[in-house]
Amino acid sequence: MSPRPSISDRTPRSRGAPVVERILDVTVAHLAEKGYAGLSVPDVALEAGVHKTSVYRRFATKAAMVEAALGRAMGHDVRPPDTGTLRGDMLHVARGALAFVGSPTGMAVVRTLLADGDAEVRALAAAVLASQQQDAPRLVIARGIARGELPTDVDAPMIFRLIAGALLHRILLEQGDVDDAFLESLIDLVLGGVQRLPRAASVGDGQRP
């Protein structure tokens, strides 16, 4: 096997956005392979074909680089198509989440975030998940309210926490398959409970869509 070429041996690459994209792509791949503790900025720089200083100019710390990389990797479609029903919209979001978690990189990243005991990693996971749980769920719930399918004060984040928690439990703890029948059953169960709530009630902690 030929040795990996040094940075100086590689073809010069363009600067700007493509450099950042390469750095973030390599970061996710290395995180999936080695976990946060094994991730090295010099290794990422070498694989991305840039100098270490180029990475640090864009990301002051390893943590900042990882947060940006995970945010980009987990950036599903934030405006799901309007299927005409709340159930259809929620199934679309759930399928997108499942596609990511079920991918080799996605599964490795999720396992790393859940298994790593480092406080910094837990904080990064919380920040990334919080940023990813805003637009799509709130848009889907807003559509459901506008159609009269949901109470006006329903707790959108809690609904999607229930769905995400069930998916992660099924995949990571049970290590079972998640097919469309499972997704439909899960969505129907959650919606069945939410739609039976009194119109003045809210699910969970009172956050609003």
# chains A, B, ... in the order shown; residues from 1 in each chain; ligands from 1
$ residues_around --residues "range 165-170 of chain A" --least-positions-apart "4" --cutoff "10 Å" --atoms "only C-alpha atoms" --output "PyMOL selection string"
chain A and resi 94+97-98+101+110-111+160-161+174-178+182-183+186
$ closest_residue --among "A:Ile145, A:Val154, A:Ala119, A:Ile23" --to "Ala37 in chain A" --atoms "only C-alpha atoms"
A:Ala119
$ closest_atom_pairs --of "range 42-79 of chain A" --to "range 29-33 of chain A" --cutoff "12 Å" --atoms "only C-alpha atoms" --output "tab-separated table"
residue	atom	partner	partner_atom	distance
A:Pro42	CA	A:His30	CA	11.6
A:Asp43	CA	A:His30	CA	8.6
A:Val44	CA	A:His30	CA	7.5
A:Ala45	CA	A:His30	CA	11.2
A:Leu46	CA	A:His30	CA	11.8
A:Glu47	CA	A:His30	CA	9.5
A:Ala48	CA	A:Ala29	CA	11.1
A:Lys62	CA	A:Leu31	CA	11.3
A:Ala63	CA	A:Leu31	CA	11.6
A:Met65	CA	A:Leu31	CA	11.0
A:Val66	CA	A:Leu31	CA	8.2
A:Glu67	CA	A:Leu31	CA	11.2
A:Ala69	CA	A:Leu31	CA	9.5
A:Leu70	CA	A:Leu31	CA	9.4
A:Ala73	CA	A:Ala29	CA	10.1
$ write_last_selection --atoms "N, CA and C atoms" --output "compact mmCIF listing (two decimals), in the first residue's frame"
# COMPACT_ATOMS: atom_id res chain seq x y z
N PRO A 42 -4.80 17.90 13.48
CA PRO A 42 -3.78 17.66 12.46
C PRO A 42 -4.17 16.55 11.47
N ASP A 43 -4.81 15.48 11.98
CA ASP A 43 -5.24 14.40 11.08
C ASP A 43 -6.32 14.88 10.12
N VAL A 44 -7.25 15.67 10.63
CA VAL A 44 -8.30 16.21 9.78
C VAL A 44 -7.69 17.11 8.71
N ALA A 45 -6.75 17.95 9.11
CA ALA A 45 -6.11 18.85 8.16
C ALA A 45 -5.39 18.07 7.06
N LEU A 46 -4.68 17.02 7.46
CA LEU A 46 -3.94 16.22 6.48
C LEU A 46 -4.89 15.57 5.48
N GLU A 47 -5.96 14.99 5.99
CA GLU A 47 -6.92 14.31 5.11
C GLU A 47 -7.63 15.31 4.20
N ALA A 48 -7.89 16.52 4.71
CA ALA A 48 -8.59 17.53 3.91
C ALA A 48 -7.66 18.24 2.93
N LYS A 62 -11.17 22.30 18.59
CA LYS A 62 -11.68 21.04 18.05
C LYS A 62 -13.19 20.96 18.28
N ALA A 63 -13.62 21.41 19.44
CA ALA A 63 -15.05 21.36 19.76
C ALA A 63 -15.87 22.17 18.76
N MET A 65 -15.08 22.88 15.71
CA MET A 65 -15.04 22.19 14.42
C MET A 65 -16.04 21.03 14.41
N VAL A 66 -16.10 20.28 15.50
CA VAL A 66 -17.02 19.15 15.59
C VAL A 66 -18.46 19.63 15.59
N GLU A 67 -18.74 20.68 16.32
CA GLU A 67 -20.11 21.20 16.36
C GLU A 67 -20.57 21.62 14.97
N ALA A 69 -19.37 20.54 12.12
CA ALA A 69 -19.44 19.35 11.26
C ALA A 69 -20.71 18.56 11.52
N LEU A 70 -21.06 18.38 12.79
CA LEU A 70 -22.26 17.63 13.12
C LEU A 70 -23.51 18.38 12.69
N ALA A 73 -23.78 17.78 9.03
CA ALA A 73 -24.12 16.39 8.71
C ALA A 73 -25.56 16.06 9.07
$ residues_around --residues "range 190-193 of chain A" --least-positions-apart "6" --cutoff "12 Å" --atoms "only C-alpha atoms" --output "list in words"
Thr85, Leu86, Arg87, Gly88, Asp89, Met90, Leu91, Ile141, Gly144, Glu149, Leu150, Pro151, Val154, Ala156, Met158, Ile159, Phe160, Arg161, Leu162, Ile163, Ala164, Gly165, Ala166, Leu183, Glu184, Ala201, Ser202 and Val203 of chain A
$ write_last_selection --atoms "C-alpha atoms" --output "PDB file, in the first residue's frame"
ATOM      1  CA  THR A  85     -51.991  15.988   6.154  1.00  0.00           C
ATOM      2  CA  LEU A  86     -50.192  16.157   9.479  1.00  0.00           C
ATOM      3  CA  ARG A  87     -49.608  12.411   9.354  1.00  0.00           C
ATOM      4  CA  GLY A  88     -47.982  12.626   5.930  1.00  0.00           C
ATOM      5  CA  ASP A  89     -45.763  15.530   6.952  1.00  0.00           C
ATOM      6  CA  MET A  90     -44.626  13.743  10.107  1.00  0.00           C
ATOM      7  CA  LEU A  91     -43.877  10.568   8.195  1.00  0.00           C
ATOM      8  CA  ILE A 141     -47.033  21.340  13.678  1.00  0.00           C
ATOM      9  CA  GLY A 144     -51.384  20.756  11.461  1.00  0.00           C
ATOM     10  CA  GLU A 149     -55.703  18.703  13.122  1.00  0.00           C
ATOM     11  CA  LEU A 150     -54.089  19.809  16.413  1.00  0.00           C
ATOM     12  CA  PRO A 151     -54.829  22.038  19.402  1.00  0.00           C
ATOM     13  CA  VAL A 154     -49.765  21.714  21.480  1.00  0.00           C
ATOM     14  CA  ALA A 156     -44.288  20.559  19.097  1.00  0.00           C
ATOM     15  CA  MET A 158     -42.310  17.092  22.868  1.00  0.00           C
ATOM     16  CA  ILE A 159     -44.110  15.349  20.012  1.00  0.00           C
ATOM     17  CA  PHE A 160     -40.875  14.957  18.085  1.00  0.00           C
ATOM     18  CA  ARG A 161     -38.946  13.946  21.195  1.00  0.00           C
ATOM     19  CA  LEU A 162     -41.364  11.047  21.589  1.00  0.00           C
ATOM     20  CA  ILE A 163     -40.813   9.984  17.994  1.00  0.00           C
ATOM     21  CA  ALA A 164     -37.027  10.419  18.077  1.00  0.00           C
ATOM     22  CA  GLY A 165     -36.777   8.587  21.397  1.00  0.00           C
ATOM     23  CA  ALA A 166     -38.770   5.641  20.090  1.00  0.00           C
ATOM     24  CA  LEU A 183     -42.944   4.344  11.341  1.00  0.00           C
ATOM     25  CA  GLU A 184     -46.630   4.499  10.490  1.00  0.00           C
ATOM     26  CA  ALA A 201     -54.088  21.239  27.077  1.00  0.00           C
ATOM     27  CA  SER A 202     -50.491  21.048  25.978  1.00  0.00           C
ATOM     28  CA  VAL A 203     -48.170  18.073  25.811  1.00  0.00           C
TER      29      VAL A 203
END
$ atom_distance --atom1 "CA of Val140 in chain A" --atom2 "CA of Ile187 in chain A"
13.0 Å
$ atom_distance --atom1 "CA of Val93 in chain A" --atom2 "CA of Pro80 in chain A"
6.8 Å
$ closest_residue --among "A:His92, A:Glu120, A:Arg72, A:Gly84" --to "Ala146 in chain A" --atoms "only C-alpha atoms"
A:Gly84
$ closest_residue --among "A:Ala99, A:Val28, A:Val55, A:Ala17" --to "Asp180 in chain A" --atoms "only C-alpha atoms"
A:Ala99
$ closest_residue --among "A:Val194, A:Lys34, A:Ser103, A:Ala123" --to "Ile171 in chain A" --atoms "only C-alpha atoms"
A:Ser103
